[in-house]
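Have a look at the structure below before the remarks.
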Amino acid sequence: MIPSYLPAVRYGGPIFATHGLCKALVARGHEVRAFTTNIDGAGNTPTPIGLPVDLEGVQVRYFSCPLLRRLYWAPALGRALESEIDKFDVVHLHSVFLWPTWAAARAARKAEIPYVLSPRGMLVKELIRRRSRLAKSAWIHLIEKSNIKRAAAVHLTSELEALELKRFGWQFPRLAVIANGIDEPLTSAGEVSTDIDAIAAAQPLVLFFGRLSWKKGLDLLLRAFAHSRMGKLAIVGTDDEGLAPQLKRLAEGLRIADRVCILARTVIGSEKECLFAAAQLFVLSSYSENFGNTVLEAMRRGVPVVVTAEVGAAEIVQRCKGGIVTEGNAEAFGAAIGQLLENPGLARTMGEAGQRHVTAHYTWAATSALMEKLYESVNAKRRALGCL
């Protein structure tokens, strides 16, 4: 198998989800190799080029992008795929609108190797309309529509993502909805910085944790929090879009700056655990979210959640009653925050329900078993057609 994934935490949920899947597949006895680029924001990740690097049992090869970095154009990666792809049983692609996905799909078709494509929340009409509409529409017409139609299967992480994909009205191959798993929380404590300590001490704490991106609805979150009467709000995460100054100005305009802390940096490990341990409530107010790994991470730790209906994991929240799913407006979202902050008993009950459900159903072992069945089914079809 060849899952390809991005190399740095700055890219948010997809990197963690793809690497978690890869690790779990290795644990199930599969040989997993990943082909990706060395792009890391404006720079490059300091890894050997073209040589295998072991990442927790997953063999990863990084390739450079001499030009067209926005498209992740890596000609050496394309050549490696062309020469080696016939060694594999299944190819799994984890992106759209990027050159490596097109190159891998083309190589797989040429070698008659089935491939599974995971759009990872990128094929949403509204998102395309709001960001680079003309360029992405052209790419879809020339490349992505064909990649989708000729895949052995398209993997979606939620029914919501599947619904968004169907709105394109294309002829689809098999659509397989398999949710992400989540990693186990760290059990050993470590050192944390003073800024994390200060956030953890602010109680009761409402936590947003993730990339600071416009699609996360952080402006909606601030307006919603202005409707609440108590608590402190922490917005924590990597800020590649440079949103932090704008969010701080909005908090000042709403007169809640004294109740809001915006920490625009990457937080992992023991510092991440410290924040989740301190949180009384986790919030995700996205305008569009194919899944929302952090929602399950919060529930796994017993933290109740408030999410908009546009979050893919909202269906899980509703099913297990691990929090509240609201309409995407400030009044409704703010009322839900206030309801759980003002009723600790209800918050505790919801947190415990979410923790039981996620622990039982959303481990990477469970997710990788479902993905393994998908791979086996597309490979069985290949055998039936006499391609082996």
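Chain labels A, B, ... are given in the sequence in which chains occur in the structure tokens; within each chain residues are numbered consecutively from 1, and ligands are likewise numbered from 1 in the order shown.
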Can you list every residue of range 345-385 of chain A that has an atom at most 9 Å from range 110-131 of chain A, with its nearest atom pair and the distance in Å to one decimal, using only C-alpha atoms, ordered by chain then number, as a Markdown table?
```
| residue | atom | partner | partner_atom | distance |
| --- | --- | --- | --- | --- |
| A:Leu374 | CA | A:Val116 | CA | 8.9 |
| A:Tyr375 | CA | A:Val116 | CA | 8.0 |
| A:Val378 | CA | A:Pro114 | CA | 6.6 |
| A:Asn379 | CA | A:Pro114 | CA | 6.8 |
| A:Arg382 | CA | A:Pro114 | CA | 7.2 |
```
Could you pull the residues within 10 Å of Phe333 in chain A, counting only C-alpha atoms, minus those fewer than 4 positions along the same chain, as a short mmCIF file (atom, residue, chain, number, x, y, z; two decimals) with N, CA and C atoms, in the first residue's frame?
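Below you can see out.cif, which holds the result:
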```cif
data_model
loop_
_atom_site.label_atom_id
_atom_site.label_comp_id
_atom_site.auth_asym_id
_atom_site.auth_seq_id
_atom_site.Cartn_x
_atom_site.Cartn_y
_atom_site.Cartn_z
N LEU A 220 -17.26 33.26 14.53
CA LEU A 220 -18.53 32.82 15.11
C LEU A 220 -18.36 32.44 16.58
N LEU A 221 -17.26 31.75 16.89
CA LEU A 221 -17.00 31.33 18.26
C LEU A 221 -16.89 32.53 19.20
N ARG A 223 -18.12 35.55 18.76
CA ARG A 223 -19.44 36.18 18.91
C ARG A 223 -20.35 35.35 19.81
N ALA A 224 -20.23 34.03 19.71
CA ALA A 224 -21.02 33.15 20.57
C ALA A 224 -20.59 33.29 22.02
N PHE A 225 -19.29 33.36 22.25
CA PHE A 225 -18.79 33.47 23.62
C PHE A 225 -19.21 34.79 24.26
N HIS A 227 -22.01 35.97 24.12
CA HIS A 227 -23.36 35.76 24.64
C HIS A 227 -23.34 35.02 25.98
N SER A 228 -22.21 34.38 26.32
CA SER A 228 -22.12 33.65 27.58
C SER A 228 -21.80 34.60 28.71
N VAL A 283 -14.92 23.20 22.20
CA VAL A 283 -15.80 23.78 21.19
C VAL A 283 -15.17 23.71 19.80
N LEU A 284 -16.02 23.45 18.80
CA LEU A 284 -15.60 23.49 17.41
C LEU A 284 -16.76 24.06 16.60
N SER A 285 -16.58 25.28 16.13
CA SER A 285 -17.66 26.05 15.50
C SER A 285 -17.47 26.16 14.00
N VAL A 306 -19.23 21.13 22.36
CA VAL A 306 -20.27 21.87 21.64
C VAL A 306 -19.74 22.05 20.22
N VAL A 307 -20.50 21.60 19.22
CA VAL A 307 -20.06 21.68 17.82
C VAL A 307 -21.22 22.15 16.95
N THR A 308 -20.87 22.73 15.82
CA THR A 308 -21.89 23.07 14.83
C THR A 308 -22.28 21.82 14.04
N ILE A 324 -23.34 18.84 22.76
CA ILE A 324 -24.46 19.52 22.12
C ILE A 324 -24.07 19.89 20.70
N VAL A 325 -24.96 19.59 19.75
CA VAL A 325 -24.80 20.01 18.36
C VAL A 325 -25.75 21.18 18.12
N THR A 326 -25.24 22.30 17.62
CA THR A 326 -26.05 23.50 17.49
C THR A 326 -26.11 23.99 16.05
N GLU A 327 -27.01 24.90 15.80
CA GLU A 327 -27.03 25.63 14.54
C GLU A 327 -25.81 26.53 14.48
N GLY A 328 -25.44 26.90 13.27
CA GLY A 328 -24.23 27.71 13.08
C GLY A 328 -24.47 29.19 13.24
N ASN A 329 -25.05 29.61 14.37
CA ASN A 329 -25.18 31.04 14.64
C ASN A 329 -24.74 31.32 16.07
N ILE A 337 -22.93 26.82 25.06
CA ILE A 337 -21.78 27.01 25.94
C ILE A 337 -22.27 27.34 27.35
N GLY A 338 -23.17 28.30 27.44
CA GLY A 338 -23.69 28.70 28.74
C GLY A 338 -24.40 27.57 29.46
N GLN A 339 -25.16 26.77 28.73
CA GLN A 339 -25.90 25.67 29.35
C GLN A 339 -24.96 24.68 30.05
#
```
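Between CA of Ala234 in chain A and CA of Ile196 in chain A the separation is 10.0 Å.
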What is the distance between CA of Leu156 in chain A and CA of Leu71 in chain A, in Å to one decimal?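 Taking CA of Leu156 in chain A as the start and CA of Leu71 in chain A as the end point, the length is 22.5 Å.
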Nearest residue to Trp364 in chain A from the set A:Val96, A:Val58, A:Ile85, A:Ile178 (distances using only C-alpha atoms):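 Looking only at the distances to Trp364 in chain A, the closest residue turns out to be A:Ile178.
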